[in-house]
2 protein chains.
Amino acid sequence: MESSSKYLDSLIREFSRLPGIGSKSATRLAFHILKMPADQVDRLSEAIVELKRNIRSCSLCGGISDEALCRVCNSPDRDKEILCVVEEPEDMISIERTGAFRGLYHVLGGVIAPLDGIGPEDLRINELVQRCNDQSVKEVILATNPTVEGDATSLYVARILKPMNIRVMRIAHGLPVGSDLEFADGPTLAKSLSGRVEM
Amino acid sequence: MESSSKYLDSLIREFSRLPGIGSKSATRLAFHILKMPADQVDRLSEAIVELKRNIRSCSLCGGISDEALCRVCNSPDRDKEILCVVEEPEDMISIERTGAFRGLYHVLGGVIAPLDGIGPEDLRINELVQRCNDQSVKEVILATNPTVEGDATSLYVARILKPMNIRVMRIAHGLPVGSDLEFADGPTLAKSLSGRVEM
């Protein structure tokens, strides 16, 4: 696409490379930036560079952090007896947004995927076992994705942790809140039946 | 939303301010940027600042430009006898993308909207009349949006240009290509019937 400005073309091209942004959205964003106040434009541009420059991994949970220890690991208010195990740092943020979990996290950094050449030794499973050994962890919630690889990884981790006298839990699978039985897919509906709870 | 990094929060906040980007998309974009190569991150950040710093209006058509005259107005290959009148510079880019128009453009800078206090004198209508007077314009295509204000603005402009011995045209309204009669809205279907063409 050639517009009448090379600066506009350049920004549209860069925006189009981001996930979920096609050329129409990229054009809309670029025109929005043209109309934004200069200080807001500078803030956006700086935030992009600063993120890339300053971010690191939390040395304890493996999540996103500015310091050696992330905000969650560093907080005195969190329940250190419960660990929530997730695949990626993004998942940790999704759970934090719900406000429904007050324990600590452990980021595996992926899932066991033999076809992609990713084995248990490529994930932060040893670090998890170490944390469970060192600290007063009483419960581990396995919150990997409800996929074949996510389920297999949770099963693998559960088998290691169970002999350590830790309560190992898996997040519930079933119908999403507000959804419709009629449109639910078969496997989800089957999980929702087999995982029924007493009222 | 408070994640475990103030840099991440800051970028998510800035992204969320852009149109069509909610907090989930903003988070996804921010994590994508974390994984992007550093030089691509720099290019994106620079493109944002450079656009805001360097862009100007074309002195002839009023579209987006890097120079005093935009690429389209400056091109020797364009048909200077046909002008396409649009509301905003964005519309000019949409039409350019089709590759179906080889004339020049004129950007009005909005539509007549009395309720918002925007009258004909706030738009670039005088400049349009001037261009039609000075240059060898034979045809003007009114390509304002098919809305009440867009139609009214086109009507207003048409009444001024017609006495100047110029062919004044309006873009066709009707069913979008690839759409379905069954799901078309009433006004569009009515327009498509009244604007029927001989086969």
# chains A, B, ... in the order shown; residues from 1 in each chain; ligands from 1

call {"tool": "interface_residues", "arguments": {"of": "chain A", "to": "chain B", "cutoff": "7 Å", "atoms": "only C-alpha atoms", "output": "ChimeraX atom specification"}}
result
/A:1,3-5,7-8,10-11,14,18-19,29,34,41-42,44-45,47-52,64-66,70-72,93,97

call {"tool": "select_by_dssp", "arguments": {"residues": "segment 156-193 of chain B", "states": "strand (DSSP E)", "output": "JSON, numbers by chain"}}
result
{"B": [167, 168, 169, 170]}

call {"tool": "closest_residue", "arguments": {"among": "B:Val148, B:Val197, B:Val85, B:Leu175", "to": "Leu161 of chain B", "atoms": "only C-alpha atoms"}}
result
B:Val85

call {"tool": "residues_around", "arguments": {"residues": "Leu142 of chain A", "least_positions_apart": "5", "cutoff": "10 Å", "atoms": "only C-alpha atoms", "output": "list in words"}}
result
Leu83, Cys84, Val85, Val86, Glu87, His106, Gly150, Asp151, Thr153, Ser154, Leu155, Val157, Ala158, Val168, Met169, Arg170, Ile171 and Ala172 of chain A

call {"tool": "residues_around", "arguments": {"residues": "Pro176 of chain A", "least_positions_apart": "3", "cutoff": "12 Å", "atoms": "only C-alpha atoms", "output": "list in words"}}
result
Ala172, His173, Ser179, Asp180, Leu181, Phe183, Ala184, Asp185, Thr188, Leu189, Lys191 and Ser192 of chain A

call {"tool": "atom_distance", "arguments": {"atom1": "atom CA of Val129 of chain B", "atom2": "atom CA of Gly174 of chain B"}}
result
28.9 Å

call {"tool": "closest_residue", "arguments": {"among": "A:Ser75, A:Ser23, A:Asn145, A:Asn165", "to": "Gly110 of chain A", "atoms": "only C-alpha atoms"}}
result
A:Asn145

call {"tool": "select_by_dssp", "arguments": {"residues": "segment 5-199 of chain B", "states": "helix (DSSP H, G or I)", "output": "ChimeraX atom specification"}}
result
/B:6-16,23-35,38-54,71-74,89-98,114-116,120-122,125-134,148-164,181-183,186-194
